[in-house]
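See below for target.txt, which holds compact mmCIF, C-alpha atoms and all ligand atoms.
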```
# COMPACT_ATOMS: atom_id res chain seq x y z
CA MET A 1 179.06 71.70 214.16
CA ASP A 2 178.18 73.40 217.46
CA ARG A 3 178.85 77.10 218.19
CA ARG A 4 182.07 76.46 220.12
CA GLU A 5 183.50 74.27 217.40
CA PHE A 6 182.52 76.90 214.82
CA LEU A 7 184.28 79.68 216.72
CA ASN A 8 187.36 77.58 217.37
CA THR A 9 187.92 76.29 213.91
CA THR A 10 186.05 78.23 211.26
CA LEU A 11 186.79 81.82 212.23
CA PRO A 12 190.57 81.47 212.42
CA ARG A 13 190.45 79.52 209.17
CA LEU A 14 188.55 82.34 207.45
CA ALA A 15 191.01 84.85 208.86
CA ILE A 16 193.87 83.00 207.23
CA PHE A 17 192.35 82.29 203.88
CA SER A 18 190.46 85.51 203.13
CA VAL A 19 193.14 88.23 203.33
CA SER A 20 195.16 89.27 200.29
CA ALA A 21 198.50 87.63 199.65
CA SER A 22 200.56 90.75 200.40
CA ALA A 23 198.80 91.40 203.68
CA ARG A 24 198.86 87.76 204.64
CA SER A 25 202.37 87.42 206.01
CA LYS A 26 201.71 90.34 208.37
CA GLU A 27 198.27 89.17 209.40
CA LEU A 28 199.00 85.51 209.91
CA PRO A 29 198.67 84.27 213.45
CA ARG A 30 202.13 83.76 214.91
CA LEU A 31 202.50 80.17 215.94
CA ARG A 32 205.51 81.01 218.10
CA GLU A 33 203.46 83.42 220.19
CA LEU A 34 200.51 81.04 220.58
CA ALA A 35 202.91 78.27 221.57
CA ALA A 36 204.85 80.48 223.99
CA ARG A 37 201.65 80.87 226.02
CA LYS A 38 201.77 77.10 226.53
CA ASN A 39 205.53 77.08 227.21
CA LEU A 40 206.04 75.17 223.99
CA LEU A 41 208.70 75.89 221.36
CA VAL A 42 207.73 75.62 217.68
CA GLY A 43 209.79 75.87 214.55
CA SER A 44 211.39 74.07 211.67
CA ALA A 45 214.50 72.84 209.91
CA VAL A 46 216.18 75.42 207.68
CA SER A 47 218.63 75.15 204.80
CA TYR A 48 221.35 77.68 204.03
CA ALA A 49 219.72 78.41 200.64
CA GLU A 50 216.44 79.30 202.36
CA LEU A 51 218.25 81.64 204.71
CA GLN A 52 219.21 83.80 201.68
CA GLN A 53 215.55 84.47 200.73
CA VAL A 54 213.87 87.45 202.37
CA ALA A 55 210.28 86.25 201.98
CA PHE A 56 211.27 82.98 203.59
CA THR A 57 213.23 84.52 206.46
CA ASN A 58 210.34 86.91 207.23
CA LEU A 59 208.03 83.93 207.56
CA LEU A 60 210.55 81.98 209.63
CA ALA A 61 211.16 84.91 211.96
CA ALA A 62 207.43 85.39 212.49
CA GLN A 63 206.53 81.74 213.03
CA ALA A 64 209.47 79.95 214.68
CA SER A 65 210.84 80.14 218.21
CA ILE A 66 213.29 77.30 217.53
CA VAL A 67 215.22 76.34 214.39
CA VAL A 68 217.53 73.52 213.34
CA SER A 69 219.95 73.27 210.46
CA GLU A 70 218.72 70.70 207.95
CA ASN A 71 222.21 69.67 206.81
CA ASP A 72 224.89 72.18 207.79
CA MET A 73 225.93 70.66 211.11
CA LYS A 74 226.35 67.15 209.73
CA TRP A 75 229.89 65.73 209.47
CA GLN A 76 230.06 66.09 205.67
CA ARG A 77 229.41 69.85 205.78
CA ILE A 78 231.05 70.89 209.02
CA HIS A 79 234.11 68.61 208.95
CA PRO A 80 235.01 68.43 205.24
CA GLU A 81 238.66 67.40 205.75
CA PRO A 82 240.33 65.53 208.62
CA ASP A 83 241.89 68.70 210.01
CA ARG A 84 239.43 71.32 208.77
CA PHE A 85 236.08 72.38 210.20
CA ASP A 86 233.74 74.72 208.32
CA PHE A 87 231.29 76.49 210.60
CA ALA A 88 230.27 79.28 208.19
CA ARG A 89 226.80 78.03 207.23
CA ALA A 90 225.87 76.83 210.70
CA ASP A 91 227.13 80.11 212.18
CA ALA A 92 224.85 81.99 209.76
CA LEU A 93 221.85 80.14 211.16
CA LEU A 94 223.01 80.75 214.72
CA SER A 95 223.29 84.48 214.12
CA PHE A 96 219.83 84.55 212.44
CA ALA A 97 218.37 82.70 215.42
CA MET A 98 220.00 85.06 217.92
CA GLN A 99 218.80 88.09 215.98
CA HIS A 100 215.21 86.82 216.09
CA GLY A 101 215.10 85.50 219.63
CA GLN A 102 214.99 81.88 218.48
CA LYS A 103 216.60 78.84 220.02
CA LEU A 104 218.84 76.63 217.92
CA ARG A 105 218.91 72.82 217.89
CA GLY A 106 222.07 71.00 216.86
CA HIS A 107 221.66 68.16 214.34
CA ASN A 108 223.72 65.95 214.58
CA LEU A 109 227.00 64.75 216.05
CA CYS A 110 226.98 61.04 215.21
CA TRP A 111 225.07 59.42 212.36
CA HIS A 112 225.71 56.75 209.74
CA GLU A 113 224.72 59.07 206.84
CA GLN A 114 226.26 62.18 205.26
CA MET A 115 229.79 61.34 206.34
CA PRO A 116 232.70 62.99 204.50
CA ASN A 117 234.62 60.84 202.01
CA TRP A 118 237.83 61.05 204.05
CA PHE A 119 236.23 59.27 206.98
CA SER A 120 236.27 55.75 205.54
CA GLN A 121 239.80 56.27 204.20
CA VAL A 122 241.44 57.11 207.53
CA THR A 123 239.28 55.45 210.19
CA THR A 124 240.25 52.22 211.96
CA PRO A 125 238.85 50.51 215.08
CA GLU A 126 241.89 51.88 216.91
CA ASN A 127 241.43 55.58 216.05
CA ALA A 128 237.61 55.73 215.70
CA GLY A 129 237.02 56.63 219.37
CA TYR A 130 239.55 59.45 219.16
CA LEU A 131 238.02 60.76 215.92
CA LEU A 132 234.49 60.72 217.35
CA ARG A 133 235.56 62.48 220.57
CA ARG A 134 237.59 65.05 218.65
CA HIS A 135 234.75 65.84 216.22
CA ILE A 136 232.27 66.30 219.06
CA SER A 137 234.66 68.32 221.14
CA GLU A 138 235.35 70.70 218.21
CA VAL A 139 231.77 71.03 216.95
CA ALA A 140 229.82 71.06 220.22
CA GLY A 141 232.65 73.13 221.71
CA HIS A 142 232.32 75.73 218.92
CA PHE A 143 228.62 76.28 219.74
CA ALA A 144 228.91 75.72 223.50
CA GLY A 145 226.30 77.59 225.53
CA GLN A 146 224.28 78.52 222.43
CA ILE A 147 222.51 75.30 221.58
CA HIS A 148 219.12 74.40 223.02
CA SER A 149 219.58 70.68 222.38
CA TRP A 150 221.93 68.45 220.41
CA ASP A 151 220.89 65.34 218.52
CA VAL A 152 224.03 63.61 219.70
CA VAL A 153 223.33 60.22 218.15
CA ASN A 154 220.84 59.95 215.32
CA GLU A 155 219.01 56.78 214.26
CA ALA A 156 221.12 54.19 216.13
CA VAL A 157 218.25 51.67 216.21
CA HIS A 158 217.35 49.52 213.20
CA VAL A 159 215.62 46.31 214.21
CA GLU A 160 215.74 45.05 210.62
CA ASP A 161 219.49 44.44 211.12
CA GLY A 162 218.56 41.52 213.37
CA ARG A 163 220.70 42.20 216.43
CA PRO A 164 219.14 41.20 219.78
CA ASP A 165 219.71 44.72 221.13
CA GLY A 166 218.02 46.29 218.08
CA LEU A 167 221.03 48.48 217.33
CA ARG A 168 221.80 49.43 213.75
CA ASN A 169 224.77 47.65 212.26
CA SER A 170 226.28 51.02 211.35
CA LYS A 171 229.88 51.90 210.66
CA TRP A 172 230.09 53.32 214.19
CA LEU A 173 228.86 50.07 215.71
CA GLN A 174 231.26 48.03 213.59
CA LEU A 175 234.18 50.22 214.63
CA LEU A 176 233.47 50.66 218.33
CA GLY A 177 230.63 48.36 219.39
CA PRO A 178 227.68 49.77 221.38
CA ASP A 179 230.14 51.78 223.43
CA TYR A 180 230.17 54.41 220.69
CA LEU A 181 226.95 55.77 222.18
CA ALA A 182 228.57 56.30 225.58
CA ILE A 183 231.61 57.90 223.95
CA ALA A 184 229.44 60.32 221.96
CA TYR A 185 227.20 61.47 224.82
CA ARG A 186 230.08 61.83 227.29
CA ALA A 187 232.05 63.90 224.78
CA ALA A 188 229.00 66.11 224.11
CA ALA A 189 228.34 66.66 227.84
CA LYS A 190 231.95 67.69 228.29
CA ALA A 191 231.95 70.06 225.31
CA ASP A 192 228.60 71.73 226.02
CA PRO A 193 227.24 71.07 229.51
CA LYS A 194 224.28 73.42 228.87
CA ALA A 195 222.78 71.70 225.82
CA LEU A 196 220.02 69.13 226.31
CA LEU A 197 221.53 65.95 224.92
CA THR A 198 219.03 64.10 222.78
CA TYR A 199 218.61 60.73 221.07
CA ASN A 200 216.69 61.19 217.79
CA ASP A 201 214.93 58.50 215.72
CA TYR A 202 212.02 57.73 213.33
CA ASP A 203 209.19 55.19 212.95
CA ILE A 204 208.24 55.43 216.62
CA GLU A 205 204.89 57.12 216.22
CA GLN A 206 201.88 55.19 215.02
CA ASP A 207 200.25 51.91 216.07
CA GLY A 208 201.40 48.81 214.19
CA PRO A 209 203.88 45.92 214.45
CA LYS A 210 206.77 47.65 212.66
CA PHE A 211 206.47 50.62 215.01
CA ASP A 212 206.03 48.35 218.08
CA ALA A 213 209.38 46.70 217.35
CA LYS A 214 211.08 50.08 216.94
CA ARG A 215 209.56 51.49 220.15
CA LYS A 216 210.63 48.41 222.09
CA ALA A 217 214.22 48.68 220.88
CA VAL A 218 214.39 52.46 221.49
CA LEU A 219 212.99 52.06 225.01
CA ARG A 220 215.53 49.33 225.67
CA LEU A 221 218.28 51.68 224.52
CA LEU A 222 217.05 54.53 226.74
CA ILE A 223 216.86 52.20 229.77
CA TRP A 224 220.40 50.96 229.05
CA MET A 225 221.61 54.57 228.84
CA ARG A 226 220.09 55.36 232.23
CA GLN A 227 221.66 52.20 233.74
CA GLU A 228 225.06 53.15 232.31
CA LYS A 229 224.64 56.72 233.59
CA ILE A 230 225.17 58.08 230.11
CA PRO A 231 224.40 61.83 230.12
CA ILE A 232 221.21 62.29 228.10
CA GLN A 233 218.16 64.45 228.76
CA ALA A 234 215.79 64.11 225.82
CA LEU A 235 214.28 61.93 223.14
CA GLY A 236 213.55 63.25 219.63
CA LEU A 237 210.55 61.75 217.87
CA GLN A 238 211.26 62.58 214.25
CA SER A 239 207.61 62.13 213.21
CA HIS A 240 207.89 61.61 209.46
CA LEU A 241 204.24 60.59 209.05
CA ARG A 242 202.33 59.23 206.03
CA ALA A 243 198.79 60.31 205.20
CA ALA A 244 196.15 57.73 204.30
CA ALA A 245 192.37 57.79 204.00
CA LYS A 246 192.14 56.63 207.61
CA LEU A 247 193.98 58.13 210.60
CA PRO A 248 196.42 55.85 212.45
CA GLY A 249 196.06 54.98 216.15
CA TRP A 250 198.39 56.38 218.82
CA THR A 251 197.62 54.07 221.76
CA ALA A 252 201.04 52.42 221.78
CA LEU A 253 202.73 55.80 221.33
CA HIS A 254 201.00 57.11 224.47
CA GLN A 255 202.22 54.09 226.45
CA PHE A 256 205.72 54.52 225.07
CA MET A 257 205.79 58.25 225.88
CA THR A 258 204.59 57.58 229.42
CA ALA A 259 207.44 55.09 229.86
CA VAL A 260 209.93 57.61 228.48
CA GLU A 261 208.61 60.32 230.82
CA LYS A 262 209.08 57.95 233.77
CA LEU A 263 212.74 57.62 232.78
CA ASP A 264 212.89 61.42 233.17
CA PHE A 265 213.39 62.35 229.51
CA GLN A 266 212.09 65.48 227.86
CA ILE A 267 210.54 64.80 224.45
CA PHE A 268 210.91 66.89 221.30
CA ILE A 269 208.99 66.43 218.05
CA THR A 270 211.98 67.05 215.82
CA GLU A 271 211.16 66.44 212.13
CA LEU A 272 207.39 66.47 211.64
CA ASP A 273 206.07 66.22 208.08
CA VAL A 274 203.29 64.30 206.36
CA ASN A 275 204.04 62.41 203.18
CA ASP A 276 201.00 62.54 200.88
CA SER A 277 202.30 60.33 198.10
CA ASP A 278 199.80 57.51 198.81
CA LEU A 279 196.86 59.89 198.23
CA GLY A 280 194.99 60.67 195.02
CA PRO A 281 195.74 63.65 192.74
CA ASP A 282 193.14 66.12 194.09
CA ILE A 283 195.14 68.85 195.87
CA GLU A 284 192.32 70.06 198.09
CA GLN A 285 191.67 66.55 199.33
CA ARG A 286 195.37 65.85 199.83
CA ASP A 287 195.82 69.04 201.84
CA ARG A 288 192.79 68.17 203.95
CA LEU A 289 194.01 64.66 204.75
CA VAL A 290 197.52 65.94 205.50
CA ALA A 291 196.02 68.57 207.83
CA ASP A 292 193.82 65.95 209.51
CA LEU A 293 196.92 63.97 210.37
CA TYR A 294 198.74 67.06 211.68
CA ARG A 295 195.72 67.94 213.80
CA ASP A 296 195.28 64.44 215.16
CA TYR A 297 198.97 63.87 215.91
CA LEU A 298 199.32 67.27 217.56
CA ALA A 299 196.16 66.71 219.58
CA ASN A 300 197.83 63.60 220.98
CA VAL A 301 201.55 64.14 221.58
CA PRO A 302 201.41 67.43 223.54
CA GLN A 303 199.09 65.72 226.04
CA HIS A 304 202.41 64.57 227.50
CA LYS A 305 203.97 67.34 229.55
CA ALA A 306 207.44 66.06 228.63
CA VAL A 307 206.87 67.42 225.11
CA LYS A 308 208.61 70.81 225.03
CA ALA A 309 209.15 71.51 221.33
CA VAL A 310 207.54 70.79 217.96
CA LEU A 311 209.58 71.27 214.79
CA THR A 312 208.60 70.46 211.22
CA TRP A 313 211.28 69.23 208.80
CA GLY A 314 211.16 72.35 206.68
CA LEU A 315 208.53 75.08 206.54
CA THR A 316 207.43 75.12 202.89
CA ASP A 317 206.66 72.33 200.42
CA ARG A 318 209.08 73.89 197.93
CA ASP A 319 212.13 72.95 199.97
CA SER A 320 211.00 69.71 201.61
CA TRP A 321 213.51 66.83 201.43
CA LEU A 322 210.59 64.74 200.13
CA ASN A 323 210.44 66.97 197.07
CA SER A 324 214.18 66.65 196.39
CA LEU A 325 213.41 62.92 196.14
CA SER A 326 210.29 63.53 193.99
CA ARG A 327 212.18 65.83 191.62
CA ARG A 328 215.03 63.33 191.28
CA ARG A 329 212.58 60.51 190.51
CA GLY A 330 210.32 62.62 188.27
CA GLU A 331 207.37 62.01 190.61
CA ARG A 332 204.45 64.27 191.52
CA LEU A 333 205.49 66.98 193.99
CA ARG A 334 204.39 66.36 197.55
CA ARG A 335 202.63 68.72 199.95
CA PRO A 336 203.97 67.67 203.38
CA LEU A 337 204.47 70.99 205.23
CA PRO A 338 202.36 73.83 206.71
CA PHE A 339 203.18 76.30 203.89
CA ASP A 340 203.01 75.70 200.15
CA SER A 341 205.66 76.45 197.54
CA GLU A 342 204.50 80.10 197.28
CA LEU A 343 204.86 80.40 201.06
CA GLU A 344 201.09 80.53 201.49
CA PRO A 345 199.56 78.86 204.57
CA LYS A 346 197.87 75.51 204.03
CA PRO A 347 195.24 73.72 206.09
CA ALA A 348 198.13 72.02 207.92
CA PHE A 349 199.10 75.43 209.34
CA GLN A 350 195.56 75.90 210.60
CA ALA A 351 195.76 72.43 212.11
CA GLU A 352 198.93 73.41 213.99
CA ILE A 353 197.20 76.53 215.31
CA ASP A 354 194.17 74.55 216.45
CA ALA A 355 196.36 71.99 218.19
CA ILE A 356 198.50 74.59 219.95
CA LEU A 357 195.40 76.50 221.10
CA ALA A 358 193.96 73.29 222.49
CA ALA A 359 197.17 72.12 224.20
CA SER A 360 197.47 72.60 227.92
CA ALA A 361 200.29 74.75 229.30
CA ARG A 362 203.45 72.98 230.45
CA ALA A 363 205.81 73.84 233.26
O1 LIG A 401 224.83 69.82 198.66
C1 LIG A 401 224.97 68.77 197.69
C2 LIG A 401 225.16 69.34 196.34
O2 LIG A 401 226.37 70.05 196.29
C3 LIG A 401 225.13 68.21 195.31
O3 LIG A 401 225.19 68.76 194.02
C4 LIG A 401 223.86 67.39 195.44
C5 LIG A 401 223.84 66.19 194.48
O4 LIG A 401 222.99 65.17 194.97
O5 LIG A 401 223.79 66.89 196.74
C6 LIG A 401 223.72 67.92 197.73
O6 LIG A 401 223.65 67.32 199.00
C7 LIG A 401 222.41 66.73 199.32
C8 LIG A 401 221.90 67.39 200.59
O7 LIG A 401 220.76 66.74 201.05
C9 LIG A 401 221.55 68.86 200.37
O8 LIG A 401 220.51 68.99 199.46
C10 LIG A 401 222.65 65.25 199.57
O9 LIG A 401 222.97 64.62 198.36
C11 LIG A 401 221.40 64.64 200.16
O10 LIG A 401 221.70 63.28 200.53
C12 LIG A 401 220.99 65.40 201.39
O11 LIG A 401 219.81 64.84 201.88
C13 LIG A 401 219.52 65.14 203.22
C14 LIG A 401 219.36 63.83 203.99
O12 LIG A 401 218.97 64.11 205.33
C15 LIG A 401 220.67 63.05 204.07
O13 LIG A 401 221.58 63.70 204.86
C16 LIG A 401 218.22 65.92 203.28
O14 LIG A 401 218.41 67.21 202.70
C17 LIG A 401 217.76 66.08 204.73
O15 LIG A 401 216.49 66.65 204.76
C18 LIG A 401 217.70 64.72 205.38
O16 LIG A 401 217.34 64.89 206.73
C19 LIG A 401 217.17 63.70 207.50
C20 LIG A 401 217.64 64.02 208.90
O17 LIG A 401 218.96 64.52 208.88
C21 LIG A 401 217.56 62.78 209.80
N1 LIG A 401 216.21 62.22 209.76
C22 LIG A 401 215.68 61.95 208.44
C23 LIG A 401 215.72 63.21 207.57
C24 LIG A 401 215.09 62.97 206.22
O18 LIG A 401 215.81 62.01 205.49
```

Translate this structure into structure tokens?
Amino acid sequence: MDRREFLNTTLPRLAIFSVSASARSKELPRLRELAARKNLLVGSAVSYAELQQVAFTNLLAAQASIVVSENDMKWQRIHPEPDRFDFARADALLSFAMQHGQKLRGHNLCWHEQMPNWFSQVTTPENAGYLLRRHISEVAGHFAGQIHSWDVVNEAVHVEDGRPDGLRNSKWLQLLGPDYLAIAYRAAAKADPKALLTYNDYDIEQDGPKFDAKRKAVLRLLIWMRQEKIPIQALGLQSHLRAAAKLPGWTALHQFMTAVEKLDFQIFITELDVNDSDLGPDIEQRDRLVADLYRDYLANVPQHKAVKAVLTWGLTDRDSWLNSLSRRRGERLRRPLPFDSELEPKPAFQAEIDAILAASARA
């Protein structure tokens, strides 16, 4: 290791891992401040339960300049009955964000998961367009002017369904055909002209045939949206990554991102986490390989100036969606996020710092 590498990596690492636990939260580098110098937003998804815990909210306030509700803006939570909307939990996150100078992402307005039970009972091909427009008008209208970006449609591409256009054979597609995308984005633009309207999806990131097929279908969708003059400003790369002994390649991702930039889209990393379940039991080694993947991914994606925000899907391992699955299945707990279950920083946090320090400033 040369002197520069030593200063860049080892000293900050020692600073994080040598102070006492009580002093640590105060002395931790603030990712949001480091990122602000590069005009980059950083943050994470948050649940309502987490928002009730002081130690967690202190950490979130110190580290994040942008937050997103993990579940509380989805149809099931926010639209529990046909004629009733429940904004209480999402409003709580909005007021936390405003209090701490953070931006808020909206997630999401149209998805095939987490739909309320009433939906399938009342919806027909005839009224589906009205119901979608009404939901978006109410929800995006409620938060109008206060949302950084809305994931308007989430995960509309699923090449495994075998359609030539790559679209997912979702309930929305069955009810309305591909036009549901145009309906959703036009309704969102009308309800909140200030929000950056985003398309959000997964499995776009690493090299490999499965990811190639997904990238091709997503790019095709974005081109179609531009041709149809559908109002949309950004692409969300969810970035649910999987650690392995060897790092993946990102060559195809770079080409894809360049093509997306040429279509004049901003790009947000919306749901970054690293699943470590394919790794061995040794925690130190798992944390190192997870951090290596964070470092490598974040050394690559922000090379594209279109990347304006990086959010992890949760902040601490304790509350990661991957661990709800692990607990349900009685599997070993996973360590996918920058902070551990005691809210202590992990090597992945250091990797984020290194990557942000190394990133060039954007406009
Ligand atoms: O709140 C209920 C609770 O009342 C009930 O007792 C319990 C029983 O299972 O379920 C609870 O709801 C769960 C909810 O998470 C809150 O914990 C749902 O069952 C569960 O399906 C839901 O999972 C969420 C999942 O999306 C499905 O909506 C995860 O928390 C959330 O992290 C995950 O997030 C998605 C993004 O929205 C889109 N991209 C992928 C990402 C990960 O799957």

Exercise. Considering only C-alpha atoms, return as a PyMOL selection string whatever protein or nucleic-acid residues lie within 8 Å of A:Ile232, sequence-local ones (same chain, fewer than 6 positions apart) excluded.
Key: chain A and resi 185+196-199+225+265

Exercise. Name each residue within 6 Å of ligand LIG 401 (chain A), counting only C-alpha atoms and all ligand atoms, as an MDAnalysis selection string.
Key: chainID A and resid 70 113:114 321

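Minimum atom-to-atom distances from A:Trp250, A:Trp111, A:Trp75, A:Phe87 to A:Tyr297 were compared using only C-alpha atoms, and the lowest value belongs to A:Trp250.
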
Self-check item: Between atom CA of A:Asp317 and atom CA of A:Met73, distance in Å (one decimal)
Solution: 22.1 Å

Exercise. Name the residues in contact with A:Asn200 at a cut-off of 8 Å, using all atoms listed in the file, excluding same-chain residues fewer than 4 positions from it; report them as a ChimeraX atom specification.
Key: /A:151-155,235-238,270

I'd like the box whose edges run along x, y and z of the file and which contains every listed atom of stretch 147-151 of chain A, padded by 6 Å per side; could you state its centre and edge lengths in Å, one decimal, as JSON?
```
{"center_x": 220.8, "center_y": 70.3, "center_z": 220.8, "size_x": 15.4, "size_y": 22.0, "size_z": 16.5}
```

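For the atom pair formed by atom CA of A:Lys38 and atom CA of A:Leu357, the distance is 8.4 Å, given to one decimal.
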
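We find atom CA of A:Lys194 and atom CA of A:Ile136 to be spaced 14.5 Å apart.
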
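In terms of minimum interatomic distance to A:Ala55, A:Glu344 ranks closest within A:Glu126, A:Asp273, A:Glu344, A:Asp264, counting only C-alpha atoms.
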
Exercise. Using all atoms listed in the file, determine which residues lie at most 9 Å from A:Ala35, disregarding the query and same-chain residues fewer than 4 positions distant; provide the list as a PyMOL selection string.
Key: chain A and resi 30-31+39-42+65+353+356-357+359+361

Output file for the residues above (C-alpha atoms, as a short mmCIF file (atom, residue, chain, number, x, y, z; two decimals), in the coordinates of the input):
```cif
data_model
loop_
_atom_site.label_atom_id
_atom_site.label_comp_id
_atom_site.auth_asym_id
_atom_site.auth_seq_id
_atom_site.Cartn_x
_atom_site.Cartn_y
_atom_site.Cartn_z
CA ARG A 30 202.13 83.76 214.91
CA LEU A 31 202.50 80.17 215.94
CA ASN A 39 205.53 77.08 227.21
CA LEU A 40 206.04 75.17 223.99
CA LEU A 41 208.70 75.89 221.36
CA VAL A 42 207.73 75.62 217.68
CA SER A 65 210.84 80.14 218.21
CA ILE A 353 197.20 76.53 215.31
CA ILE A 356 198.50 74.59 219.95
CA LEU A 357 195.40 76.50 221.10
CA ALA A 359 197.17 72.12 224.20
CA ALA A 361 200.29 74.75 229.30
#
```

Quiz item: Skipping near chain neighbours, those fewer than 4 positions away, what residues fall within 12 Å of A:Arg32 using only C-alpha atoms, listed as a ChimeraX atom specification?
Solution: /A:28,36-44,59-67,100-103,309-311,352-353,356-357

Using all atoms listed in the file, which protein or nucleic acid residues come within 7 Å of A:Arg215? Drop anything in the same chain fewer than 3 positions from it, and give the result as a PDB file with C-alpha atoms, in the frame of the given file.
```pdb
ATOM      1  CA  ILE A 204     208.240  55.430 216.620  1.00  0.00           C
ATOM      2  CA  PHE A 211     206.470  50.620 215.010  1.00  0.00           C
ATOM      3  CA  ASP A 212     206.030  48.350 218.080  1.00  0.00           C
ATOM      4  CA  VAL A 218     214.390  52.460 221.490  1.00  0.00           C
ATOM      5  CA  LEU A 219     212.990  52.060 225.010  1.00  0.00           C
ATOM      6  CA  PHE A 256     205.720  54.520 225.070  1.00  0.00           C
TER       7      PHE A 256
END
```

Counting all atoms listed in the file, note down every residue that has an atom within 10 Å of the point (237.2, 66.8, 207.4) (file coordinates), as a tab-separated table (two decimals) with C-alpha atoms, keeping the file's coordinate frame.
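Everything below was put into selection-v1.tsv:
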```tsv
chain	number	residue	atom	x	y	z
A	75	TRP	CA	229.89	65.73	209.47
A	76	GLN	CA	230.06	66.09	205.67
A	77	ARG	CA	229.41	69.85	205.78
A	78	ILE	CA	231.05	70.89	209.02
A	79	HIS	CA	234.11	68.61	208.95
A	80	PRO	CA	235.01	68.43	205.24
A	81	GLU	CA	238.66	67.40	205.75
A	82	PRO	CA	240.33	65.53	208.62
A	83	ASP	CA	241.89	68.70	210.01
A	84	ARG	CA	239.43	71.32	208.77
A	85	PHE	CA	236.08	72.38	210.20
A	86	ASP	CA	233.74	74.72	208.32
A	115	MET	CA	229.79	61.34	206.34
A	116	PRO	CA	232.70	62.99	204.50
A	117	ASN	CA	234.62	60.84	202.01
A	118	TRP	CA	237.83	61.05	204.05
A	119	PHE	CA	236.23	59.27	206.98
A	135	HIS	CA	234.75	65.84	216.22
```

Quiz item: So which one's closest to A:Glu138, A:Arg105, A:Ser95, A:Ala188, A:Gly249? Using only C-alpha atoms, please.
Solution: A:Ala188

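You can rank A:Val307, A:Thr316, A:Ala358, A:Leu221 by their closest distance to A:Met257 using all atoms listed in the file, and at the top of that list sits A:Val307.
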
Quiz item: Got a sec to check which residues sit within 10 Å of (233.2, 52.0, 217.4), counting all atoms listed in the file, and write them as a list in words?
Solution: Thr124, Pro125, Glu126, Asn127, Ala128, Gly129, Tyr130, Leu132, Ser170, Lys171, Trp172, Leu173, Gln174, Leu175, Leu176, Gly177, Pro178, Asp179, Tyr180, Leu181 and Ile183 of chain A

Using only C-alpha atoms, please write the residues we just selected to a file, as a PDB file, keeping the file's coordinate frame.
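Output below, filename selection.pdb:
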```pdb
ATOM      1  CA  THR A 124     240.250  52.220 211.960  1.00  0.00           C
ATOM      2  CA  PRO A 125     238.850  50.510 215.080  1.00  0.00           C
ATOM      3  CA  GLU A 126     241.890  51.880 216.910  1.00  0.00           C
ATOM      4  CA  ASN A 127     241.430  55.580 216.050  1.00  0.00           C
ATOM      5  CA  ALA A 128     237.610  55.730 215.700  1.00  0.00           C
ATOM      6  CA  GLY A 129     237.020  56.630 219.370  1.00  0.00           C
ATOM      7  CA  TYR A 130     239.550  59.450 219.160  1.00  0.00           C
ATOM      8  CA  LEU A 132     234.490  60.720 217.350  1.00  0.00           C
ATOM      9  CA  SER A 170     226.280  51.020 211.350  1.00  0.00           C
ATOM     10  CA  LYS A 171     229.880  51.900 210.660  1.00  0.00           C
ATOM     11  CA  TRP A 172     230.090  53.320 214.190  1.00  0.00           C
ATOM     12  CA  LEU A 173     228.860  50.070 215.710  1.00  0.00           C
ATOM     13  CA  GLN A 174     231.260  48.030 213.590  1.00  0.00           C
ATOM     14  CA  LEU A 175     234.180  50.220 214.630  1.00  0.00           C
ATOM     15  CA  LEU A 176     233.470  50.660 218.330  1.00  0.00           C
ATOM     16  CA  GLY A 177     230.630  48.360 219.390  1.00  0.00           C
ATOM     17  CA  PRO A 178     227.680  49.770 221.380  1.00  0.00           C
ATOM     18  CA  ASP A 179     230.140  51.780 223.430  1.00  0.00           C
ATOM     19  CA  TYR A 180     230.170  54.410 220.690  1.00  0.00           C
ATOM     20  CA  LEU A 181     226.950  55.770 222.180  1.00  0.00           C
ATOM     21  CA  ILE A 183     231.610  57.900 223.950  1.00  0.00           C
TER      22      ILE A 183
END
```

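Compared by their closest atoms to A:Gly280, and using all atoms listed in the file, the residues A:Pro302, A:Arg332, A:Ala49, A:Pro347 rank with A:Arg332 nearest.
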
Expected file for stretch 346-363 of chain A keeping C-alpha atoms, as a short mmCIF file (atom, residue, chain, number, x, y, z; two decimals), in the first residue's frame:
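Written output follows (part_24.cif):
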```cif
data_model
loop_
_atom_site.label_atom_id
_atom_site.label_comp_id
_atom_site.auth_asym_id
_atom_site.auth_seq_id
_atom_site.Cartn_x
_atom_site.Cartn_y
_atom_site.Cartn_z
CA LYS A 346 -19.51 -1.59 9.35
CA PRO A 347 -16.83 -1.74 6.68
CA ALA A 348 -19.60 -1.05 4.14
CA PHE A 349 -20.01 2.42 5.69
CA GLN A 350 -16.30 3.04 5.25
CA ALA A 351 -16.65 1.86 1.66
CA GLU A 352 -19.41 4.42 1.07
CA ILE A 353 -17.20 7.16 2.51
CA ASP A 354 -14.27 6.15 0.32
CA ALA A 355 -16.45 6.09 -2.77
CA ILE A 356 -18.05 9.46 -2.07
CA LEU A 357 -14.64 11.04 -1.39
CA ALA A 358 -13.37 9.66 -4.67
CA ALA A 359 -16.42 10.67 -6.74
CA SER A 360 -16.15 13.75 -8.89
CA ALA A 361 -18.52 16.66 -8.29
CA ARG A 362 -21.65 16.86 -10.42
CA ALA A 363 -23.51 19.88 -11.72
#
```
